[in-house]
file structure-v8.pdb (PDB, C-alpha atoms and all ligand atoms)
MODEL        1
ATOM      1  CA  MET A1192     137.935 103.889 129.714  1.00  0.00           C
ATOM      2  CA  LYS A1193     138.533 103.063 133.316  1.00  0.00           C
ATOM      3  CA  LEU A1194     136.565 100.167 134.677  1.00  0.00           C
ATOM      4  CA  PRO A1195     136.262  99.005 138.254  1.00  0.00           C
ATOM      5  CA  THR A1196     137.460  95.475 138.817  1.00  0.00           C
ATOM      6  CA  ALA A1197     134.364  94.374 140.670  1.00  0.00           C
ATOM      7  CA  ILE A1198     130.693  95.168 140.878  1.00  0.00           C
ATOM      8  CA  ALA A1199     128.287  94.832 143.762  1.00  0.00           C
ATOM      9  CA  PHE A1200     124.709  93.757 143.290  1.00  0.00           C
ATOM     10  CA  GLU A1201     121.371  93.952 144.975  1.00  0.00           C
ATOM     11  CA  PHE A1202     118.083  92.229 144.335  1.00  0.00           C
ATOM     12  CA  ILE A1203     115.277  94.750 144.426  1.00  0.00           C
ATOM     13  CA  ASP A1204     111.581  94.877 143.599  1.00  0.00           C
ATOM     14  CA  VAL A1205     111.405  98.483 142.555  1.00  0.00           C
ATOM     15  CA  MET A1206     114.209 100.294 140.812  1.00  0.00           C
ATOM     16  CA  PRO A1207     115.531 102.946 143.181  1.00  0.00           C
ATOM     17  CA  SER A1208     115.483 106.483 141.866  1.00  0.00           C
ATOM     18  CA  SER A1209     119.097 107.048 142.762  1.00  0.00           C
ATOM     19  CA  ARG A1210     121.567 104.349 142.002  1.00  0.00           C
ATOM     20  CA  GLU A1211     125.061 103.810 143.280  1.00  0.00           C
ATOM     21  CA  GLU A1212     127.973 103.517 140.941  1.00  0.00           C
ATOM     22  CA  GLY A1213     129.393 100.055 140.596  1.00  0.00           C
ATOM     23  CA  LYS A1214     126.252  98.306 141.646  1.00  0.00           C
ATOM     24  CA  LEU A1215     123.975  96.068 139.666  1.00  0.00           C
ATOM     25  CA  TYR A1216     120.321  96.349 140.612  1.00  0.00           C
ATOM     26  CA  ILE A1217     118.422  93.225 139.763  1.00  0.00           C
ATOM     27  CA  SER A1218     114.679  92.924 139.636  1.00  0.00           C
ATOM     28  CA  ILE A1219     113.466  89.400 139.161  1.00  0.00           C
ATOM     29  CA  LYS A1220     109.926  90.715 139.103  1.00  0.00           C
ATOM     30  CA  TYR A1221     110.630  92.900 136.106  1.00  0.00           C
ATOM     31  CA  ARG A1222     113.222  90.530 134.652  1.00  0.00           C
ATOM     32  CA  THR A1223     115.639  93.393 134.318  1.00  0.00           C
ATOM     33  CA  ALA A1224     118.958  94.504 135.709  1.00  0.00           C
ATOM     34  CA  ILE A1225     120.108  98.101 135.772  1.00  0.00           C
ATOM     35  CA  HIS A1226     123.454  99.663 136.543  1.00  0.00           C
ATOM     36  CA  LYS A1227     125.324 102.837 135.867  1.00  0.00           C
ATOM     37  CA  CYS A1228     127.769 102.470 133.043  1.00  0.00           C
ATOM     38  CA  LEU A1229     130.917 101.185 134.680  1.00  0.00           C
ATOM     39  CA  CYS A1230     133.194 103.497 132.762  1.00  0.00           C
ATOM     40  CA  GLY A1231     132.021 106.236 135.071  1.00  0.00           C
ATOM     41  CA  CYS A1232     130.003 108.199 132.534  1.00  0.00           C
ATOM     42  CA  GLY A1233     126.924 107.588 134.644  1.00  0.00           C
ATOM     43  CA  MET A1234     124.645 106.487 131.830  1.00  0.00           C
ATOM     44  CA  LYS A1235     121.915 104.083 132.808  1.00  0.00           C
ATOM     45  CA  VAL A1236     122.492 100.631 131.405  1.00  0.00           C
ATOM     46  CA  VAL A1237     119.402  98.466 131.220  1.00  0.00           C
ATOM     47  CA  THR A1238     119.855  94.785 130.596  1.00  0.00           C
ATOM     48  CA  PRO A1239     116.585  92.919 130.174  1.00  0.00           C
ATOM     49  CA  ILE A1240     116.897  89.410 131.510  1.00  0.00           C
ATOM     50  CA  ARG A1241     115.230  87.406 128.800  1.00  0.00           C
ATOM     51  CA  PRO A1242     116.007  84.535 126.514  1.00  0.00           C
ATOM     52  CA  THR A1243     116.512  87.182 123.850  1.00  0.00           C
ATOM     53  CA  GLY A1244     118.365  89.575 126.136  1.00  0.00           C
ATOM     54  CA  TRP A1245     120.783  88.804 128.903  1.00  0.00           C
ATOM     55  CA  ARG A1246     121.151  85.787 131.031  1.00  0.00           C
ATOM     56  CA  LEU A1247     121.651  86.426 134.710  1.00  0.00           C
ATOM     57  CA  ILE A1248     123.606  83.861 136.592  1.00  0.00           C
ATOM     58  CA  TYR A1249     123.396  83.967 140.358  1.00  0.00           C
ATOM     59  CA  ASP A1250     125.416  81.324 142.119  1.00  0.00           C
ATOM     60  CA  GLY A1251     124.404  82.312 145.622  1.00  0.00           C
ATOM     61  CA  ASP A1252     127.370  84.621 146.126  1.00  0.00           C
ATOM     62  CA  THR A1253     128.075  86.310 142.836  1.00  0.00           C
ATOM     63  CA  VAL A1254     126.297  87.363 139.698  1.00  0.00           C
ATOM     64  CA  SER A1255     127.224  87.197 136.062  1.00  0.00           C
ATOM     65  CA  LEU A1256     125.576  88.646 133.030  1.00  0.00           C
ATOM     66  CA  HIS A1257     125.844  87.042 129.677  1.00  0.00           C
ATOM     67  CA  PRO A1258     126.578  88.115 127.004  1.00  0.00           C
ATOM     68  CA  SER A1259     128.869  91.085 127.437  1.00  0.00           C
ATOM     69  CA  ILE A1260     127.539  94.580 127.952  1.00  0.00           C
ATOM     70  CA  GLY A1261     128.243  96.789 125.007  1.00  0.00           C
ATOM     71  CA  ASN A1262     127.186 100.367 125.390  1.00  0.00           C
ATOM     72  CA  TRP A1263     127.296 101.132 121.724  1.00  0.00           C
ATOM     73  CA  SER A1264     124.794 103.940 121.961  1.00  0.00           C
ATOM     74  CA  PHE A1265     126.707 105.881 124.609  1.00  0.00           C
ATOM     75  CA  ALA A1266     129.495 108.316 123.942  1.00  0.00           C
ATOM     76  CA  CYS A1267     131.858 106.150 125.968  1.00  0.00           C
ATOM     77  CA  ARG A1268     131.091 103.069 123.835  1.00  0.00           C
ATOM     78  CA  SER A1269     132.283 100.928 126.695  1.00  0.00           C
ATOM     79  CA  HIS A1270     132.174  97.192 126.447  1.00  0.00           C
ATOM     80  CA  TYR A1271     132.714  94.841 129.334  1.00  0.00           C
ATOM     81  CA  TRP A1272     131.791  91.564 130.905  1.00  0.00           C
ATOM     82  CA  ILE A1273     130.351  91.020 134.333  1.00  0.00           C
ATOM     83  CA  ALA A1274     131.271  87.565 135.535  1.00  0.00           C
ATOM     84  CA  ASN A1275     131.197  86.395 139.146  1.00  0.00           C
ATOM     85  CA  ASN A1276     131.046  90.005 140.331  1.00  0.00           C
ATOM     86  CA  GLN A1277     134.206  90.747 138.397  1.00  0.00           C
ATOM     87  CA  VAL A1278     134.308  93.335 135.668  1.00  0.00           C
ATOM     88  CA  MET A1279     136.429  92.533 132.669  1.00  0.00           C
ATOM     89  CA  PRO A1280     137.005  94.864 129.785  1.00  0.00           C
ATOM     90  CA  ALA A1281     135.921  93.442 126.473  1.00  0.00           C
ATOM     91  CA  GLY A1282     137.348  94.276 123.122  1.00  0.00           C
ATOM     92  CA  PRO A1283     136.446  97.247 120.985  1.00  0.00           C
ATOM     93  CA  MET A1284     133.036  97.295 119.485  1.00  0.00           C
ATOM     94  CA  SER A1285     134.034  96.318 116.009  1.00  0.00           C
ATOM     95  CA  GLN A1286     135.088  93.000 117.438  1.00  0.00           C
ATOM     96  CA  ALA A1287     132.041  92.618 119.614  1.00  0.00           C
ATOM     97  CA  GLY A1288     130.439  90.069 117.368  1.00  0.00           C
ATOM     98  CA  ALA A1289     133.569  88.014 117.220  1.00  0.00           C
ATOM     99  CA  ILE A1290     134.026  88.199 120.959  1.00  0.00           C
ATOM    100  CA  ALA A1291     130.442  87.292 121.619  1.00  0.00           C
ATOM    101  CA  ARG A1292     130.869  84.233 119.477  1.00  0.00           C
ATOM    102  CA  ARG A1293     134.262  83.285 120.820  1.00  0.00           C
ATOM    103  CA  LYS A1294     133.746  83.977 124.482  1.00  0.00           C
ATOM    104  CA  PRO A1295     130.793  81.767 125.405  1.00  0.00           C
ATOM    105  CA  ASN A1296     132.887  78.631 125.674  1.00  0.00           C
ATOM    106  CA  THR A1297     134.440  80.057 128.840  1.00  0.00           C
ATOM    107  CA  SER A1298     131.103  80.710 130.465  1.00  0.00           C
ATOM    108  CA  ALA A1299     128.875  78.191 128.812  1.00  0.00           C
ATOM    109  CA  SER A1300     129.616  75.665 131.492  1.00  0.00           C
ATOM    110  CA  LEU A1301     128.657  78.189 134.155  1.00  0.00           C
ATOM    111  CA  VAL A1302     125.235  78.792 132.695  1.00  0.00           C
ATOM    112  CA  PRO A1303     122.749  76.754 134.613  1.00  0.00           C
ATOM    113  CA  ARG A1304     119.975  75.136 132.674  1.00  0.00           C
ATOM    114  CA  PHE A1305     116.721  76.143 134.238  1.00  0.00           C
ATOM    115  CA  ARG A1306     114.545  74.493 131.712  1.00  0.00           C
ATOM    116  CA  ILE A1307     112.532  71.748 133.268  1.00  0.00           C
ATOM    117  CA  ARG A1308     112.486  68.733 131.153  1.00  0.00           C
ATOM    118  CA  ARG A1309     109.283  66.826 131.294  1.00  0.00           C
ATOM    119  CA  LEU A1310     109.861  63.175 131.700  1.00  0.00           C
ATOM    120  CA  THR A1311     107.907  61.197 129.275  1.00  0.00           C
ATOM    121  CA  THR A1312     107.696  57.511 129.382  1.00  0.00           C
ATOM    122  CA  SER A1313     107.535  55.842 126.112  1.00  0.00           C
ATOM    123  CA  PRO A1314     105.180  52.950 126.383  1.00  0.00           C
ATOM    124  CA  GLY A1315     107.144  50.889 123.978  1.00  0.00           C
ATOM    125  CA  ASN A1316     110.280  50.645 126.045  1.00  0.00           C
ATOM    126  CA  ASP A1317     109.000  49.908 129.505  1.00  0.00           C
ATOM    127  CA  ARG A1318     106.480  47.335 128.717  1.00  0.00           C
ATOM    128  CA  LEU A1319     107.078  44.076 130.403  1.00  0.00           C
ATOM    129  CA  SER A1320     105.808  41.297 128.314  1.00  0.00           C
TER     130      SER A1320
HETATM  131 ZN    ZN B1401     130.154 104.832 129.978  1.00  0.00          ZN
ENDMDL
END
call {"tool": "encode", "arguments": {"input": "structure-v8.pdb", "output": "structure tokens", "more": "lines below"}}
Ligand SMILES: [Zn+2]
result
Amino acid sequence: MKLPTAIAFEFIDVMPSSREEGKLYISIKYRTAIHKCLCGCGMKVVTPIRPTGWRLIYDGDTVSLHPSIGNWSFACRSHYWIANNQVMPAGPMSQAGAIARRKPNTSASLVPRFRIRRLTTSPGNDRLS
């Protein structure tokens, strides 16, 4: 498996019918990112951006997808990470679970928390008496 070292990305509204190799197409509208398998096999890799799917991290310059992308269902069975536009090979599939559990500590700090916390005032604490 030969992976590129970097991936480009583009935010789009509608998925283009022809896609470039080595480019991640991101649709916020459809909460999905699509790219051609980076091993070069050309298979379409769809990564839904959901709490139950992938997390997309855009820092203004680069994108990351979390967790890793494991193309188990393809013949190539490629497995890689996209982090800050860099492509890093991940371990073989049998170790995918272990890697997925072990790896997050490297990227956990990079994952922004988008959840808006509602501020609630507890009447008991603020009361001036
Ligand atoms: Zn592939």
call {"tool": "atom_distance", "arguments": {"input": "structure-v8.pdb", "atom1": "CA of Arg1268 in chain A", "atom2": "CA of Asp1250 in chain A"}}
result
29.0 Å
call {"tool": "resolve_selection", "arguments": {"input": "structure-v8.pdb", "expression": "the PyMOL selection byres (((chain A and resi 1218-1220) around 10) and not hetatm)", "output": "list in words"}}
result
Glu1201, Phe1202, Ile1203, Asp1204, Val1205, Met1206, Leu1215, Tyr1216, Ile1217, Tyr1221, Arg1222, Thr1223, Ala1224, Ile1225, Pro1239, Ile1240 and Leu1247 of chain A
call {"tool": "closest_residue", "arguments": {"input": "structure-v8.pdb", "among": "A:Val1278, A:Leu1194, A:Ile1248, A:Cys1232", "to": "ligand ZN 1401 (chain B)", "atoms": "only C-alpha atoms and all ligand atoms"}}
result
A:Cys1232
call {"tool": "residues_near_point", "arguments": {"input": "structure-v8.pdb", "point": "(119.0, 101.8, 138.4)", "cutoff": "7 Å", "atoms": "all atoms listed in the file", "output": "PyMOL selection string"}}
result
chain A and resi 1206-1210+1216+1225-1227+1235
call {"tool": "closest_residue", "arguments": {"input": "structure-v8.pdb", "among": "A:Cys1267, A:Ile1260, A:Met1279, A:Val1254", "to": "ligand ZN 1401 (chain B)", "atoms": "all atoms listed in the file"}}
result
A:Cys1267
call {"tool": "closest_atom_pairs", "arguments": {"input": "structure-v8.pdb", "of": "chain A", "to": "ligand ZN 1401 (chain B)", "cutoff": "8 Å", "atoms": "only C-alpha atoms and all ligand atoms", "output": "CSV"}}
result
residue,atom,partner,partner_atom,distance
A:Met1192,CA,B:ZN1401,ZN,7.8
A:Lys1227,CA,B:ZN1401,ZN,7.9
A:Cys1228,CA,B:ZN1401,ZN,4.5
A:Leu1229,CA,B:ZN1401,ZN,6.0
A:Cys1230,CA,B:ZN1401,ZN,4.3
A:Gly1231,CA,B:ZN1401,ZN,5.6
A:Cys1232,CA,B:ZN1401,ZN,4.2
A:Gly1233,CA,B:ZN1401,ZN,6.3
A:Met1234,CA,B:ZN1401,ZN,6.0
A:Asn1262,CA,B:ZN1401,ZN,7.1
A:Phe1265,CA,B:ZN1401,ZN,6.5
A:Ala1266,CA,B:ZN1401,ZN,7.0
A:Cys1267,CA,B:ZN1401,ZN,4.6
A:Arg1268,CA,B:ZN1401,ZN,6.5
A:Ser1269,CA,B:ZN1401,ZN,5.5
call {"tool": "atom_distance", "arguments": {"input": "structure-v8.pdb", "atom1": "CA of Trp1263 in chain A", "atom2": "CA of Lys1193 in chain A"}}
result
16.3 Å
call {"tool": "closest_residue", "arguments": {"input": "structure-v8.pdb", "among": "A:Asn1275, A:Ile1198, A:Glu1212, A:Ala1281", "to": "Gly1261 in chain A", "atoms": "only C-alpha atoms"}}
result
A:Ala1281
call {"tool": "residues_around", "arguments": {"input": "structure-v8.pdb", "residues": "Thr1243 in chain A", "least_positions_apart": "5", "cutoff": "12 Å", "atoms": "only C-alpha atoms", "output": "number ranges by chain"}}
result
A: 1222, 1238, 1257-1258
call {"tool": "closest_residue", "arguments": {"input": "structure-v8.pdb", "among": "A:Pro1280, A:Tyr1271, A:Arg1246, A:Ser1255", "to": "Phe1200 in chain A", "atoms": "all atoms listed in the file"}}
result
A:Ser1255
call {"tool": "atom_distance", "arguments": {"input": "structure-v8.pdb", "atom1": "CA of Thr1196 in chain A", "atom2": "CA of Arg1241 in chain A"}}
result
25.7 Å
call {"tool": "closest_residue", "arguments": {"input": "structure-v8.pdb", "among": "A:Gly1244, A:Val1237, A:Pro1195, A:Leu1256", "to": "Ile1273 in chain A", "atoms": "only C-alpha atoms"}}
result
A:Leu1256
